[in-house]
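Here is the structure we will look at, set down as structure tokens.
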Amino acid sequence: MNDANNSSLRADLHAIAELIRPGEKVLDLGCGDGTLLRHLTDMHQITGRGIEISEPGVLACVRKGLSVRQGNLEEGLSDYPDGSFDTVILSQTLPYLNHPAFIIREMLRVGRRAIVSFANWGHWRCRLSLLLTGRAPMAPGLPQPWHAAPRARPLTVHDFSDFCAQQGMRITTEIYLAGERRITTRRAKNLQATIAIFELA
Amino acid sequence: MDDTPSVGLSERQYFTFAVDEPMPLDSGETLGPITLAYETYGQLNAERSNAILILHALSGDAHAAGVNADGKPGWWDDCIGPGKAFDTDQYFVICSNIIGGCQGSTGPSSVNPQTGKPYGLQFPVITIGDMVRVQHHLIDYLGIEKLLAVVGGSMGGMQTLQWTVSYPEQVCAALPLATTARHSPMLIALDEVGRQAIYADPNWNRGDYYDGPRPNTGLALARMIGHITYLSEESMHQKFGRRLDKREHFGYDFDTDFAVEGYLRYKGSRFTERFDANSYLYVTKAMDYFDLSNGHGSLEAAFANSAHVMYLVVSFTSDWLYPTYHSKEMVSALTCVGADVTFCNLQSTWGHDAFLLEVDTMTHLISDFLDRVVAEHGINLQPAPMALSLPHTASVERSVA
């Protein structure tokens, strides 16, 4: 059950894990099969809770020895008391939400900080694909055509930065990945990043 | 031949208490002496920390697993036994018949020591809280300070929740399945129709029928109503459709035409062979009174001291008797108090009965959850040396008044 093998963890999850301090209380929204929570529990000794909409996801989490609740994020987090978690994570779920502002505000109410990761449609391949083929681009790492369910709403790094500014949400950390590699240059991140990870407070 | 692993021959045991001093009940009345029929499976470990209490539903009994002397399998034999959801190679499993019942524990058909005749309606009205208080005496008698888990579906789920509120310090984990924290008006209404069916049977005679013919017509009708509520529209389509029952054509009479009619009549009549009509009245009344928030103001307040208990709450998509929103309500309250609650709304077409029928999914869910409870509580499942076993496991009655 213990996943001590760091390298097996997807690069974006690994980048999130590096933001987590030992012993934190972590809520993972849309936790899927519980891979990240299991890793955080084993490697960072966190107390983890997950929310997942799909039955196979929930059963996989229980199998991994995790505490998980089947539910729809759109219903909100109203029964979680203010500040009951150190960190609330929204990993690769943002484009599927109908009310992202509501949910991120809820994350910041329930947690001391929020970590949001998403695939970046601003990547140069997406732009080139639209320009050259005239067809809606698929996000890097999300090979999902426009008509597949659940429907995703494309967004870019700039879109999310603007959104945070409008909403008055303070960005405390930004991490950009190009595939497995972390981008360290200061320029053109929206062109280069396949996945962005934002820490908000 | 069925070659699935089983706990084998199970033996009904009895525990009697409240002999000298009757036990106070929620109603203000008292009851004593009280006898509980119970069965146990598996072995207690050295630390007596691997005990799981199974709580049965309306018509259940202490015979949850294995086969009894009559060759009858236990009502949850699919889930209790070696390698099953409640693995008797790892856990010591206890199941007792509720008070107010009629399968070995004290109830309205038991002899009232004051009169030498069956209690009938002299039997005090009992509550889910009373059922749990009595089980607590049994656990005490068995020398178990803390239960690894309490578990039950339907009315068993109500007792499960009640355990975590009445005795939170004595429970590591709770598994309320297909249940509710308070009986809804619809549930009360359905129960009342069942009770009216019994009252309307002339043989009922205000509960005084033990010397004569029994109110079987009323009881069978009550059971038929119950069975409809345990199914779903979809499962009725699957199970019966519009098939005829032992007929090629419509009879154009009032005998049984449809398979679903035959099923209900059969289930109703079989029920009268094993269940007492007065018990049906008392037990349904206990369920109707059930509201965990009673005396606390809110469900959150009721769970205030249960935040350390680990919960696995399960509902089923087609259960219209205890629909998912009932489970969500308790999950919300438990989340509010900070409890560790796992919740799953399982896809099933079986209606309320799903908690007994979705064996494969339940087996994984329950055994995975229990593995975590054992790990987080640092339970050592090593069996006890023989000498450290139960006080008296033979069917002796012992009074611990």
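Ordering of the structure tokens sets the chain letters (A, B, ...); residue numbers start at 1 within each chain; ligands are numbered from 1 in the order shown.
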Chain B residues near chain A (7 Å cut-off, only C-alpha atoms) as number ranges by chain = B: 332, 335-336, 340-346, 365, 368-369, 372
Same residues, C-alpha atoms, saved as a PDB file, in the first residue's frame:
ATOM      1  CA  SER B 332     -22.753  16.705   6.885  1.00  0.00           C
ATOM      2  CA  THR B 335     -18.160  16.634   8.916  1.00  0.00           C
ATOM      3  CA  CYS B 336     -19.226  19.667  10.940  1.00  0.00           C
ATOM      4  CA  ASP B 340     -13.376  11.073   9.992  1.00  0.00           C
ATOM      5  CA  VAL B 341     -16.264  10.064   7.736  1.00  0.00           C
ATOM      6  CA  THR B 342     -16.101   8.043   4.555  1.00  0.00           C
ATOM      7  CA  PHE B 343     -19.273   8.180   2.505  1.00  0.00           C
ATOM      8  CA  CYS B 344     -20.295   6.210  -0.548  1.00  0.00           C
ATOM      9  CA  ASN B 345     -23.583   6.326  -2.447  1.00  0.00           C
ATOM     10  CA  LEU B 346     -23.425   2.999  -4.266  1.00  0.00           C
ATOM     11  CA  LEU B 365     -15.625  -1.503   0.952  1.00  0.00           C
ATOM     12  CA  ASP B 368     -10.746  -2.110   3.230  1.00  0.00           C
ATOM     13  CA  PHE B 369     -12.296   0.291   5.730  1.00  0.00           C
ATOM     14  CA  ARG B 372      -7.673   1.170   8.072  1.00  0.00           C
TER      15      ARG B 372
END
Pick out the residues sitting within 12 Å of stretch 144-151 of chain A, and hand them over as a compact mmCIF listing (two decimals) with C-alpha atoms, in the first residue's frame; count only C-alpha atoms, and ignore anything fewer than 5 positions along from it in its own chain.
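In the end it all went to out06.txt:
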# COMPACT_ATOMS: atom_id res chain seq x y z
CA ILE A 53 -17.74 12.33 -7.37
CA SER A 54 -17.24 8.91 -9.00
CA THR A 93 -10.35 19.76 -11.82
CA LEU A 94 -10.72 23.51 -12.42
CA PRO A 95 -11.86 23.40 -16.10
CA TYR A 96 -14.75 21.12 -15.16
CA LEU A 97 -16.30 23.42 -12.53
CA ASN A 98 -19.40 25.51 -13.24
CA ALA A 119 -3.68 22.31 -17.84
CA ARG A 135 -9.82 23.11 -34.83
CA ALA A 136 -10.27 23.60 -31.09
CA PRO A 137 -7.02 22.55 -29.43
CA MET A 138 -6.81 19.89 -26.76
CA ALA A 139 -5.00 20.86 -23.59
ask   = DSSP on the backbone: what in stretch 27-208 of chain B comes out strand (DSSP E), as a PyMOL selection string?
value = chain B and resi 30-31+34-41+51-55+80-81+86-87+92-96+111-112+117-118+147-153+171-177
Only C-alpha atoms, please: the residues just picked out, written as a tab-separated table (two decimals), in the first residue's frame.
chain	number	residue	atom	x	y	z
B	30	THR	CA	-38.65	-0.17	33.73
B	31	LEU	CA	-38.03	-3.67	32.45
B	34	ILE	CA	-34.05	-8.98	30.52
B	35	THR	CA	-32.72	-11.86	28.45
B	36	LEU	CA	-30.74	-11.37	25.27
B	37	ALA	CA	-30.24	-14.08	22.68
B	38	TYR	CA	-26.91	-13.72	20.93
B	39	GLU	CA	-24.41	-15.52	18.75
B	40	THR	CA	-20.67	-14.99	18.37
B	41	TYR	CA	-18.26	-15.93	15.60
B	51	ALA	CA	-14.86	-7.24	18.61
B	52	ILE	CA	-17.44	-6.14	16.05
B	53	LEU	CA	-21.07	-5.76	17.08
B	54	ILE	CA	-23.58	-6.47	14.31
B	55	LEU	CA	-27.00	-4.84	14.74
B	80	ILE	CA	-19.62	-12.71	8.01
B	81	GLY	CA	-17.15	-15.59	7.93
B	86	PHE	CA	-16.29	-9.26	8.50
B	87	ASP	CA	-13.49	-11.77	8.47
B	92	PHE	CA	-14.72	-11.50	16.97
B	93	VAL	CA	-18.24	-10.88	15.72
B	94	ILE	CA	-21.27	-10.56	18.02
B	95	CYS	CA	-24.91	-10.30	17.06
B	96	SER	CA	-27.79	-10.14	19.52
B	111	VAL	CA	-43.65	-14.34	29.93
B	112	ASN	CA	-44.25	-11.45	32.30
B	117	LYS	CA	-48.51	-14.89	31.17
B	118	PRO	CA	-47.04	-13.32	28.01
B	147	LEU	CA	-15.71	-2.30	20.27
B	148	LEU	CA	-13.61	-2.21	17.12
B	149	ALA	CA	-16.79	-1.49	15.16
B	150	VAL	CA	-20.54	-1.30	15.37
B	151	VAL	CA	-22.39	-1.99	12.14
B	152	GLY	CA	-25.89	-2.38	10.83
B	153	GLY	CA	-28.24	-1.60	7.97
B	171	VAL	CA	-16.51	2.56	19.77
B	172	CYS	CA	-13.55	2.85	17.35
B	173	ALA	CA	-15.60	2.78	14.16
B	174	ALA	CA	-19.22	2.80	13.02
B	175	LEU	CA	-20.76	1.58	9.78
B	176	PRO	CA	-24.33	2.84	9.39
B	177	LEU	CA	-25.69	1.41	6.12
ask   = If you run DSSP on this backbone, which residues of chain A come out as helix (DSSP H, G or I), and could you give them as a PyMOL selection string?
value = chain A and resi 6-8+11-17+35-44+55-63+73-75+94-96+100-110+124-133+157-167+189-192
Non-local contacts of A:Gly141 (10 Å; only C-alpha atoms; under 6 positions in same chain excluded) as a PDB file with N, CA and C atoms, in the first residue's frame:
ATOM      1  N   ALA A 119      -4.370  22.382 -16.554  1.00  0.00           N
ATOM      2  CA  ALA A 119      -3.682  22.306 -17.845  1.00  0.00           C
ATOM      3  C   ALA A 119      -3.822  23.652 -18.550  1.00  0.00           C
ATOM      4  N   ASN A 120      -2.765  24.081 -19.202  1.00  0.00           N
ATOM      5  CA  ASN A 120      -2.711  25.427 -19.785  1.00  0.00           C
ATOM      6  C   ASN A 120      -2.973  25.396 -21.290  1.00  0.00           C
ATOM      7  N   GLY A 179       5.716  19.639 -19.387  1.00  0.00           N
ATOM      8  CA  GLY A 179       5.817  18.185 -19.259  1.00  0.00           C
ATOM      9  C   GLY A 179       6.343  17.854 -17.867  1.00  0.00           C
ATOM     10  N   THR A 194       2.824  23.551 -19.756  1.00  0.00           N
ATOM     11  CA  THR A 194       1.732  22.624 -20.035  1.00  0.00           C
ATOM     12  C   THR A 194       0.779  22.567 -18.840  1.00  0.00           C
ATOM     13  N   ILE A 195       1.356  22.700 -17.649  1.00  0.00           N
ATOM     14  CA  ILE A 195       0.545  22.685 -16.430  1.00  0.00           C
ATOM     15  C   ILE A 195       1.011  23.803 -15.509  1.00  0.00           C
TER      16      ILE A 195
END
key: Shell around B:Ala384 at 12 Å using only C-alpha atoms, local window under 6 positions removed, as a PyMOL selection string   = chain B and resi 42-50+90-92+390
